[in-house]
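This is start-v1.json (JSON, C-alpha atoms).
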```json
[["chain", "number", "residue", "atom", "x", "y", "z"],
["O", 217, "MET", "CA", -22.81, -27.72, 71.95],
["O", 218, "ARG", "CA", -20.48, -30.31, 70.42],
["O", 219, "GLY", "CA", -17.88, -27.88, 69.14],
["O", 220, "VAL", "CA", -20.21, -25.72, 67.06],
["O", 221, "THR", "CA", -18.44, -22.45, 66.29],
["O", 222, "GLY", "CA", -21.47, -20.35, 65.31],
["O", 223, "ARG", "CA", -23.06, -17.57, 67.38],
["O", 224, "LEU", "CA", -24.45, -18.81, 70.69],
["O", 225, "MET", "CA", -27.26, -16.89, 72.39],
["O", 226, "LEU", "CA", -27.81, -17.49, 76.10],
["O", 227, "LEU", "CA", -31.07, -16.30, 77.67],
["O", 228, "ASP", "CA", -31.25, -15.39, 81.35],
["O", 229, "THR", "CA", -34.78, -16.73, 81.18],
["O", 230, "ALA", "CA", -36.15, -15.61, 84.55],
["O", 231, "SER", "CA", -34.82, -12.10, 84.00],
["O", 232, "LEU", "CA", -36.65, -11.98, 80.66],
["O", 233, "TYR", "CA", -39.97, -13.45, 81.80],
["O", 234, "PHE", "CA", -40.02, -11.07, 84.79],
["O", 235, "ARG", "CA", -39.63, -8.20, 82.31],
["O", 236, "ALA", "CA", -42.31, -9.68, 80.08],
["O", 237, "TYR", "CA", -44.66, -10.05, 83.06],
["O", 238, "PHE", "CA", -44.30, -6.40, 84.05],
["O", 239, "GLY", "CA", -44.21, -5.14, 80.46],
["O", 240, "VAL", "CA", -47.27, -6.92, 79.06],
["O", 241, "PRO", "CA", -50.71, -6.17, 80.58],
["O", 242, "ASP", "CA", -52.19, -8.92, 82.74],
["O", 243, "SER", "CA", -55.34, -8.57, 80.65],
["O", 244, "VAL", "CA", -53.58, -10.93, 78.23],
["O", 245, "LYS", "CA", -55.23, -14.18, 79.30],
["O", 246, "ALA", "CA", -55.85, -17.76, 78.25],
["O", 247, "PRO", "CA", -59.38, -18.86, 77.27],
["O", 248, "ASP", "CA", -59.97, -19.97, 80.88],
["O", 249, "GLY", "CA", -58.99, -16.53, 82.23],
["O", 250, "THR", "CA", -55.48, -17.46, 83.43],
["O", 251, "PRO", "CA", -53.03, -14.61, 82.81],
["O", 252, "VAL", "CA", -50.42, -15.56, 80.19],
["O", 253, "ASN", "CA", -48.77, -12.16, 79.78],
["O", 254, "ALA", "CA", -45.33, -13.49, 80.81],
["O", 255, "VAL", "CA", -45.65, -16.48, 78.45],
["O", 256, "ARG", "CA", -46.65, -14.46, 75.42],
["O", 257, "GLY", "CA", -44.26, -11.66, 76.27],
["O", 258, "LEU", "CA", -41.33, -14.07, 76.48],
["O", 259, "LEU", "CA", -42.25, -15.66, 73.14],
["O", 260, "ASP", "CA", -42.35, -12.17, 71.60],
["O", 261, "PHE", "CA", -38.93, -11.45, 73.15],
["O", 262, "ILE", "CA", -37.40, -14.62, 71.71],
["O", 263, "ASP", "CA", -38.95, -13.92, 68.31],
["O", 264, "ARG", "CA", -37.40, -10.44, 68.21],
["O", 265, "LEU", "CA", -34.01, -11.68, 69.44],
["O", 266, "VAL", "CA", -33.81, -14.43, 66.83],
["O", 267, "LYS", "CA", -34.96, -12.07, 64.07],
["O", 268, "ASP", "CA", -32.50, -9.34, 64.97],
["O", 269, "HIS", "CA", -29.43, -11.38, 65.94],
["O", 270, "ARG", "CA", -29.77, -14.71, 64.11],
["O", 271, "PRO", "CA", -28.00, -17.02, 66.56],
["O", 272, "ASP", "CA", -26.94, -20.48, 65.42],
["O", 273, "GLU", "CA", -27.45, -21.88, 68.92],
["O", 274, "LEU", "CA", -29.91, -20.85, 71.62],
["O", 275, "VAL", "CA", -30.17, -21.89, 75.27],
["O", 276, "ALA", "CA", -32.81, -20.82, 77.76],
["O", 277, "CYS", "CA", -30.83, -20.86, 81.02],
["O", 278, "MET", "CA", -32.88, -21.46, 84.18],
["O", 279, "ASP", "CA", -32.54, -20.91, 87.91],
["O", 280, "ALA", "CA", -32.65, -24.44, 89.32],
["O", 281, "ASP", "CA", -31.63, -22.76, 92.59],
["O", 282, "TRP", "CA", -31.95, -18.98, 92.69],
["O", 283, "ARG", "CA", -30.13, -18.73, 96.07],
["O", 284, "PRO", "CA", -27.59, -21.56, 96.30],
["O", 285, "GLN", "CA", -26.67, -22.64, 99.82],
["O", 286, "TRP", "CA", -22.95, -22.49, 99.06],
["O", 287, "ARG", "CA", -23.29, -18.77, 98.44],
["O", 288, "VAL", "CA", -25.49, -18.22, 101.51],
["O", 289, "ASP", "CA", -22.95, -20.09, 103.69],
["O", 290, "LEU", "CA", -20.34, -17.49, 102.73],
["O", 291, "ILE", "CA", -22.57, -14.38, 102.86],
["O", 292, "PRO", "CA", -25.80, -15.09, 104.79],
["O", 293, "SER", "CA", -27.43, -11.85, 103.58],
["O", 294, "TYR", "CA", -27.19, -13.01, 99.95],
["O", 295, "LYS", "CA", -30.66, -12.42, 98.43],
["O", 296, "ALA", "CA", -32.16, -12.87, 101.92],
["O", 297, "HIS", "CA", -34.69, -10.06, 101.41],
["O", 298, "ARG", "CA", -36.23, -11.96, 98.48],
["O", 299, "VAL", "CA", -37.03, -15.12, 100.44],
["O", 300, "ALA", "CA", -40.77, -15.77, 100.63],
["O", 301, "GLU", "CA", -40.47, -19.07, 102.50],
["O", 302, "GLU", "CA", -37.49, -20.90, 103.97],
["O", 303, "ARG", "CA", -37.38, -24.65, 103.39],
["O", 304, "GLU", "CA", -35.44, -27.25, 105.34],
["O", 305, "THR", "CA", -34.83, -29.28, 102.20],
["O", 306, "GLY", "CA", -34.40, -27.88, 98.72],
["O", 307, "PRO", "CA", -34.12, -24.26, 97.64],
["O", 308, "ASP", "CA", -35.91, -21.50, 99.55],
["O", 309, "GLU", "CA", -38.97, -20.15, 97.79],
["O", 310, "GLU", "CA", -38.43, -16.83, 96.04],
["O", 311, "GLU", "CA", -40.94, -14.03, 96.35],
["O", 312, "VAL", "CA", -42.72, -13.99, 92.99],
["O", 313, "PRO", "CA", -45.97, -12.23, 91.96],
["O", 314, "ASP", "CA", -48.99, -14.52, 92.47],
["O", 315, "THR", "CA", -49.99, -14.51, 88.80],
["O", 316, "LEU", "CA", -46.44, -15.11, 87.51],
["O", 317, "SER", "CA", -45.64, -18.37, 89.33],
["O", 318, "PRO", "CA", -48.33, -20.42, 87.49],
["O", 319, "GLN", "CA", -46.96, -19.21, 84.15],
["O", 320, "VAL", "CA", -43.46, -20.61, 84.66],
["O", 321, "PRO", "CA", -44.43, -24.28, 84.04],
["O", 322, "ILE", "CA", -46.26, -23.17, 80.88],
["O", 323, "ILE", "CA", -43.14, -21.36, 79.68],
["O", 324, "GLU", "CA", -41.06, -24.46, 80.35],
["O", 325, "ALA", "CA", -43.51, -26.74, 78.51],
["O", 326, "VAL", "CA", -43.66, -24.44, 75.48],
["O", 327, "LEU", "CA", -39.86, -24.13, 75.24],
["O", 328, "ASP", "CA", -39.53, -27.92, 75.46],
["O", 329, "ALA", "CA", -42.15, -28.52, 72.75],
["O", 330, "LEU", "CA", -40.47, -25.94, 70.52],
["O", 331, "GLY", "CA", -37.14, -27.72, 70.93],
["O", 332, "ILE", "CA", -35.33, -24.74, 72.45],
["O", 333, "ALA", "CA", -32.67, -26.10, 74.81],
["O", 334, "ARG", "CA", -33.62, -25.35, 78.41],
["O", 335, "VAL", "CA", -30.91, -25.88, 81.03],
["O", 336, "GLY", "CA", -30.99, -25.54, 84.80],
["O", 337, "VAL", "CA", -28.64, -27.41, 87.13],
["O", 338, "ALA", "CA", -29.37, -28.23, 90.78],
["O", 339, "GLY", "CA", -27.42, -26.04, 93.18],
["O", 340, "TYR", "CA", -26.72, -23.31, 90.63],
["O", 341, "GLU", "CA", -28.25, -20.11, 89.34],
["O", 342, "ALA", "CA", -28.89, -19.36, 85.69],
["O", 343, "ASP", "CA", -25.89, -16.98, 85.85],
["O", 344, "ASP", "CA", -23.65, -19.97, 86.58],
["O", 345, "VAL", "CA", -25.11, -21.97, 83.71],
["O", 346, "ILE", "CA", -24.51, -18.97, 81.45],
["O", 347, "GLY", "CA", -20.94, -18.61, 82.73],
["O", 348, "THR", "CA", -20.15, -22.25, 82.03],
["O", 349, "PHE", "CA", -21.68, -22.25, 78.53],
["O", 350, "THR", "CA", -19.77, -19.03, 77.79],
["O", 351, "GLY", "CA", -16.48, -20.53, 78.93],
["O", 352, "ARG", "CA", -16.96, -23.58, 76.72],
["O", 353, "ALA", "CA", -18.15, -21.74, 73.60],
["O", 354, "LYS", "CA", -15.95, -21.95, 70.52],
["O", 355, "GLY", "CA", -17.47, -18.90, 68.82],
["O", 356, "PRO", "CA", -19.10, -15.57, 69.69],
["O", 357, "VAL", "CA", -21.66, -15.39, 72.52],
["O", 358, "ASP", "CA", -24.60, -13.05, 73.07],
["O", 359, "ILE", "CA", -25.88, -13.07, 76.67],
["O", 360, "VAL", "CA", -29.39, -11.61, 76.99],
["O", 361, "THR", "CA", -30.07, -10.46, 80.53],
["O", 362, "GLY", "CA", -31.41, -7.62, 82.64],
["O", 363, "ASP", "CA", -28.87, -8.55, 85.33],
["O", 364, "ARG", "CA", -25.71, -6.42, 85.33],
["O", 365, "ASP", "CA", -23.84, -9.12, 87.27],
["O", 366, "LEU", "CA", -23.21, -10.82, 83.94],
["O", 367, "TYR", "CA", -21.17, -7.87, 82.67],
["O", 368, "GLN", "CA", -18.23, -9.74, 84.22],
["O", 369, "LEU", "CA", -18.35, -12.18, 81.29],
["O", 370, "VAL", "CA", -17.88, -9.51, 78.61],
["O", 371, "ASP", "CA", -14.74, -10.31, 76.61],
["O", 372, "ASP", "CA", -14.05, -8.56, 73.30],
["O", 373, "ALA", "CA", -11.25, -10.96, 72.38],
["O", 374, "ARG", "CA", -13.66, -13.91, 72.51],
["O", 375, "GLY", "CA", -16.67, -12.05, 71.08],
["O", 376, "VAL", "CA", -18.67, -12.25, 74.32],
["O", 377, "ARG", "CA", -21.09, -9.39, 74.85],
["O", 378, "VAL", "CA", -24.18, -8.71, 76.94],
["O", 379, "LEU", "CA", -27.42, -7.59, 75.32],
["O", 380, "TYR", "CA", -29.14, -5.65, 78.10],
["O", 381, "PRO", "CA", -32.82, -4.83, 77.46],
["O", 382, "LEU", "CA", -33.63, -1.15, 77.93],
["O", 383, "LYS", "CA", -37.19, -1.31, 76.58],
["O", 384, "GLY", "CA", -38.59, -4.73, 75.85],
["O", 385, "VAL", "CA", -35.94, -6.37, 73.71],
["O", 386, "GLY", "CA", -36.41, -4.04, 70.80],
["O", 387, "THR", "CA", -33.98, -1.59, 72.37],
["O", 388, "LEU", "CA", -30.87, -3.35, 73.63],
["O", 389, "GLN", "CA", -27.72, -1.95, 75.13],
["O", 390, "LEU", "CA", -24.89, -3.80, 73.41],
["O", 391, "THR", "CA", -22.41, -4.10, 76.25],
["O", 392, "ASP", "CA", -18.79, -4.60, 75.20],
["O", 393, "GLU", "CA", -15.53, -3.69, 76.93],
["O", 394, "ALA", "CA", -15.44, -0.18, 75.47],
["O", 395, "TRP", "CA", -18.88, 0.52, 76.93],
["O", 396, "LEU", "CA", -17.87, -0.91, 80.32],
["O", 397, "ARG", "CA", -14.71, 1.17, 80.46],
["O", 398, "GLU", "CA", -16.64, 4.33, 79.62],
["O", 399, "LYS", "CA", -19.41, 3.62, 82.12],
["O", 400, "TYR", "CA", -17.54, 1.98, 85.01],
["O", 401, "GLY", "CA", -13.84, 2.37, 84.30],
["O", 402, "VAL", "CA", -13.29, -1.41, 84.19],
["O", 403, "ASP", "CA", -13.35, -4.17, 81.61],
["O", 404, "GLY", "CA", -15.37, -7.38, 81.88],
["O", 405, "SER", "CA", -12.92, -9.19, 84.13],
["O", 406, "GLY", "CA", -12.82, -6.20, 86.51],
["O", 407, "TYR", "CA", -16.57, -5.83, 86.85],
["O", 408, "ALA", "CA", -16.99, -8.54, 89.51],
["O", 409, "ASP", "CA", -14.34, -6.87, 91.69],
["O", 410, "LEU", "CA", -16.08, -3.51, 91.24],
["O", 411, "ALA", "CA", -19.45, -5.03, 92.15],
["O", 412, "LEU", "CA", -18.26, -6.73, 95.33],
["O", 413, "LEU", "CA", -16.41, -3.61, 96.52],
["O", 414, "ARG", "CA", -19.35, -1.24, 96.06],
["O", 415, "GLY", "CA", -21.95, -3.83, 97.14],
["O", 416, "ASP", "CA", -25.38, -4.51, 95.67],
["O", 417, "PRO", "CA", -28.49, -4.09, 97.86],
["O", 418, "SER", "CA", -30.62, -5.96, 95.31],
["O", 419, "ASP", "CA", -28.51, -9.09, 95.94],
["O", 420, "GLY", "CA", -27.92, -8.49, 99.64],
["O", 421, "LEU", "CA", -24.19, -7.84, 99.14],
["O", 422, "PRO", "CA", -22.96, -5.37, 101.76],
["O", 423, "GLY", "CA", -19.85, -4.18, 99.94],
["O", 424, "VAL", "CA", -17.13, -2.23, 101.75],
["O", 425, "PRO", "CA", -18.61, 0.68, 103.75],
["O", 426, "GLY", "CA", -17.52, 4.01, 102.31],
["O", 427, "ILE", "CA", -16.33, 2.47, 99.01],
["O", 428, "GLY", "CA", -18.81, 3.47, 96.34],
["O", 429, "GLU", "CA", -18.70, 2.78, 92.63],
["O", 430, "LYS", "CA", -16.35, 5.64, 91.68],
["O", 431, "THR", "CA", -13.92, 4.92, 94.51],
["O", 432, "ALA", "CA", -13.95, 1.21, 93.67],
["O", 433, "ALA", "CA", -13.12, 2.02, 90.03],
["O", 434, "LYS", "CA", -10.24, 4.30, 91.11],
["O", 435, "LEU", "CA", -8.83, 1.63, 93.42],
["O", 436, "LEU", "CA", -8.98, -0.97, 90.66],
["O", 437, "ALA", "CA", -7.29, 1.42, 88.24],
["O", 438, "GLU", "CA", -4.54, 2.01, 90.81],
["O", 439, "PHE", "CA", -3.98, -1.56, 92.03],
["O", 440, "GLY", "CA", -5.20, -3.71, 89.13],
["O", 441, "ASP", "CA", -7.58, -6.09, 90.84],
["O", 442, "LEU", "CA", -8.97, -7.09, 94.22],
["O", 443, "ALA", "CA", -5.82, -9.00, 95.16],
["O", 444, "GLY", "CA", -3.77, -5.87, 94.47],
["O", 445, "ILE", "CA", -6.09, -3.77, 96.64],
["O", 446, "VAL", "CA", -5.89, -6.24, 99.52],
["O", 447, "ALA", "CA", -2.10, -6.33, 99.25],
["O", 448, "ALA", "CA", -2.06, -2.52, 99.40],
["O", 449, "ILE", "CA", -3.72, -2.53, 102.84],
["O", 450, "ASP", "CA", -0.43, -3.63, 104.44],
["O", 451, "ASP", "CA", 1.80, -1.58, 102.11],
["O", 452, "ARG", "CA", 2.27, 1.78, 103.77],
["O", 453, "THR", "CA", 3.63, 3.26, 100.52],
["O", 454, "ALA", "CA", 0.41, 2.38, 98.64],
["O", 455, "LYS", "CA", -1.85, 5.26, 97.68],
["O", 456, "LEU", "CA", -4.72, 4.64, 100.09],
["O", 457, "THR", "CA", -6.26, 7.29, 102.31],
["O", 458, "PRO", "CA", -6.28, 6.44, 106.04],
["O", 459, "SER", "CA", -10.06, 5.92, 105.96],
["O", 460, "GLN", "CA", -9.86, 3.66, 102.89],
["O", 461, "ARG", "CA", -7.10, 1.59, 104.50],
["O", 462, "LEU", "CA", -9.14, 1.23, 107.70],
["O", 463, "ARG", "CA", -12.37, 0.28, 105.93],
["O", 464, "LEU", "CA", -10.67, -2.22, 103.66],
["O", 465, "ASP", "CA", -8.81, -3.73, 106.60],
["O", 466, "GLU", "CA", -12.04, -4.12, 108.57],
["O", 467, "ALA", "CA", -13.69, -5.68, 105.51],
["O", 468, "ARG", "CA", -11.05, -8.42, 105.06],
["O", 469, "PRO", "CA", -13.40, -11.26, 106.14],
["O", 470, "TYR", "CA", -15.95, -10.10, 103.56],
["O", 471, "LEU", "CA", -13.32, -9.60, 100.86],
["O", 472, "ALA", "CA", -12.04, -13.13, 101.45],
["O", 473, "VAL", "CA", -15.38, -14.76, 100.58],
["O", 474, "ALA", "CA", -17.11, -12.24, 98.31],
["O", 475, "PRO", "CA", -15.31, -13.25, 95.08],
["O", 476, "THR", "CA", -16.69, -16.79, 95.34],
["O", 477, "VAL", "CA", -20.20, -15.41, 95.81],
["O", 478, "VAL", "CA", -20.09, -12.67, 93.17],
["O", 479, "LYS", "CA", -18.20, -14.39, 90.38],
["O", 480, "VAL", "CA", -20.31, -16.67, 88.24],
["O", 481, "ALA", "CA", -19.30, -20.31, 88.28],
["O", 482, "ASP", "CA", -17.64, -21.70, 85.16],
["O", 483, "ASP", "CA", -17.58, -25.36, 86.16],
["O", 484, "VAL", "CA", -21.29, -26.28, 86.31],
["O", 485, "PRO", "CA", -21.90, -29.92, 85.28],
["O", 486, "LEU", "CA", -23.97, -29.16, 82.18],
["O", 487, "PRO", "CA", -26.18, -31.85, 80.67],
["O", 488, "ASP", "CA", -25.55, -32.95, 77.12],
["O", 489, "VAL", "CA", -28.18, -30.99, 75.18],
["O", 490, "ASP", "CA", -28.71, -30.03, 71.56],
["O", 491, "THR", "CA", -28.28, -26.26, 71.54],
["O", 492, "ALA", "CA", -28.92, -25.76, 67.83],
["O", 493, "LEU", "CA", -31.65, -23.24, 67.05],
["O", 494, "PRO", "CA", -34.68, -25.35, 66.10],
["O", 495, "ARG", "CA", -36.13, -24.80, 62.64],
["O", 496, "ALA", "CA", -39.27, -26.80, 63.39],
["O", 497, "PRO", "CA", -40.99, -27.79, 66.67],
["O", 498, "ARG", "CA", -39.64, -30.83, 68.48],
["O", 499, "ASP", "CA", -43.18, -31.90, 69.43],
["O", 500, "GLY", "CA", -45.75, -30.29, 67.16],
["O", 501, "ALA", "CA", -48.77, -32.05, 68.67],
["O", 502, "THR", "CA", -47.91, -30.97, 72.23],
["O", 503, "LEU", "CA", -47.16, -27.44, 71.04],
["O", 504, "GLU", "CA", -50.52, -27.20, 69.29],
["O", 505, "ALA", "CA", -52.31, -28.41, 72.43],
["O", 506, "LEU", "CA", -50.46, -25.84, 74.54],
["O", 507, "ALA", "CA", -51.28, -23.10, 72.03],
["O", 508, "GLN", "CA", -54.98, -23.94, 72.16],
["O", 509, "ARG", "CA", -55.21, -24.35, 75.92],
["O", 510, "TRP", "CA", -53.31, -21.17, 76.78],
["O", 511, "GLY", "CA", -54.32, -18.99, 73.84],
["O", 512, "LEU", "CA", -50.78, -18.34, 72.65],
["O", 513, "GLY", "CA", -52.04, -17.14, 69.27],
["O", 514, "GLY", "CA", -49.93, -14.70, 67.31],
["O", 515, "SER", "CA", -47.00, -14.72, 69.74],
["O", 516, "LEU", "CA", -46.29, -18.39, 69.11],
["O", 517, "GLN", "CA", -47.09, -18.24, 65.41],
["O", 518, "ARG", "CA", -44.69, -15.36, 64.81],
["O", 519, "LEU", "CA", -41.90, -17.22, 66.58],
["O", 520, "LEU", "CA", -42.56, -20.39, 64.58],
["O", 521, "THR", "CA", -42.40, -18.37, 61.37],
["O", 522, "THR", "CA", -39.11, -16.76, 62.43],
["O", 523, "LEU", "CA", -37.58, -20.08, 63.46],
["O", 524, "GLY", "CA", -38.54, -21.59, 60.10],
["O", 525, "THR", "CA", -37.01, -18.73, 58.11],
["O", 526, "PRO", "CA", -33.44, -19.54, 57.02],
["O", 527, "PRO", "CA", -30.87, -16.88, 57.88],
["O", 528, "ALA", "CA", -30.18, -14.41, 55.09]]
```

Final structure tokens representation of the file:
Amino acid sequence: MRGVTGRLMLLDTASLYFRAYFGVPDSVKAPDGTPVNAVRGLLDFIDRLVKDHRPDELVACMDADWRPQWRVDLIPSYKAHRVAEERETGPDEEEVPDTLSPQVPIIEAVLDALGIARVGVAGYEADDVIGTFTGRAKGPVDIVTGDRDLYQLVDDARGVRVLYPLKGVGTLQLTDEAWLREKYGVDGSGYADLALLRGDPSDGLPGVPGIGEKTAAKLLAEFGDLAGIVAAIDDRTAKLTPSQRLRLDEARPYLAVAPTVVKVADDVPLPDVDTALPRAPRDGATLEALAQRWGLGGSLQRLLTTLGTPPA
């Protein structure tokens, strides 16, 4: 990043290619019959994002480890239901549709040939890479993700917002602190506490039994943050119902470790990469070969045209 103060766009790449895979028919195939719906769909997504939002820097953030062991050690149920195969060494294998897995290396090769920075760091999820880039950014940041966990990074003062795809990426929910307060009753910094209190079945987070989203928001409004809620358990003058006090007390072991699991890391050892939005392909010959082999056609050509168009 080297101190650039322009607009940085961070892509939660797996979140986007999953959406592309399910949003583009699998009849979209390469000349040899291999489905490339996720590849072409992702290129179309990036094209639309660059056209509409004109970032100065762009990073495709990757899951080098979608279920880091340090999170599993704290909460063993973390993403456990998504494990397709446990491995003694290296990350467990995530359950992924059969025709999507072969497309991921193609996506990676195309991004590399285009010159779009692609960053994944061993032992960390893409969320953590995004959190670290966001923390280091000197200017505004647009985070593009279908994962609400990243709402915790929203910060109006720093110009950090989440662009959450509602339909493709043509219709995006621009998530700022005003939207979060209206929807959840918390700002960006409070969202992680809300999420760990209510739990999240999609991530295998149990939450506190009996504490749903509305109750969690009320408790945070009353006591400020998770530390304030935990302190209230032992304060008999605090406004907790007997059942809330009991459930929170019983959940202390979970509440002690959940913040480390739920909050995105901001200290990932990022590689030194050029995050500037490319105006021309880094490796034109390789890109042309990939385009021919995988039949990337109009999707790639449109993106190349958009990348080569100077901002207005």

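Between atom CA of Thr387 of chain O and atom CA of Ala333 of chain O the separation is 24.7 Å.
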
*Find the residue from O:Leu226, O:Ala325, O:Leu503, O:Cys277 that sits nearest to Thr350 of chain O; use only C-alpha atoms when measuring.*
O:Leu226

*Find the residues near segment 505-517 of chain O: any atom within 12 Å, counting only C-alpha atoms, skip ones fewer than 4 places away on the same chain, and give them as an NGL selection string.*
:O and (244-264 or 318-319 or 321-330 or 496-497 or 499-501 or 521-524)

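For the set O:Ala443, O:Ala472, O:Leu421, O:Ile449, the residue with the smallest atom-to-atom gap to Ile291 of chain O is O:Leu421, counting only C-alpha atoms.
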
_At a cut-off of 10 Å, using all atoms listed in the file, what residues contact segment 461-463 of chain O? Leave out same-chain residues fewer than 4 positions from it and give the result as JSON, numbers by chain._
{"O": [424, 425, 426, 427, 445, 446, 448, 449, 450, 451, 452, 454, 455, 456, 457, 467, 468]}

Go ahead and write the selection's residues with C-alpha atoms as a PDB file, in the coordinates of the input.
```pdb
ATOM      1  CA  VAL O 424     -17.130  -2.230 101.750  1.00  0.00           C
ATOM      2  CA  PRO O 425     -18.610   0.680 103.750  1.00  0.00           C
ATOM      3  CA  GLY O 426     -17.520   4.010 102.310  1.00  0.00           C
ATOM      4  CA  ILE O 427     -16.330   2.470  99.010  1.00  0.00           C
ATOM      5  CA  ILE O 445      -6.090  -3.770  96.640  1.00  0.00           C
ATOM      6  CA  VAL O 446      -5.890  -6.240  99.520  1.00  0.00           C
ATOM      7  CA  ALA O 448      -2.060  -2.520  99.400  1.00  0.00           C
ATOM      8  CA  ILE O 449      -3.720  -2.530 102.840  1.00  0.00           C
ATOM      9  CA  ASP O 450      -0.430  -3.630 104.440  1.00  0.00           C
ATOM     10  CA  ASP O 451       1.800  -1.580 102.110  1.00  0.00           C
ATOM     11  CA  ARG O 452       2.270   1.780 103.770  1.00  0.00           C
ATOM     12  CA  ALA O 454       0.410   2.380  98.640  1.00  0.00           C
ATOM     13  CA  LYS O 455      -1.850   5.260  97.680  1.00  0.00           C
ATOM     14  CA  LEU O 456      -4.720   4.640 100.090  1.00  0.00           C
ATOM     15  CA  THR O 457      -6.260   7.290 102.310  1.00  0.00           C
ATOM     16  CA  ALA O 467     -13.690  -5.680 105.510  1.00  0.00           C
ATOM     17  CA  ARG O 468     -11.050  -8.420 105.060  1.00  0.00           C
TER      18      ARG O 468
END
```
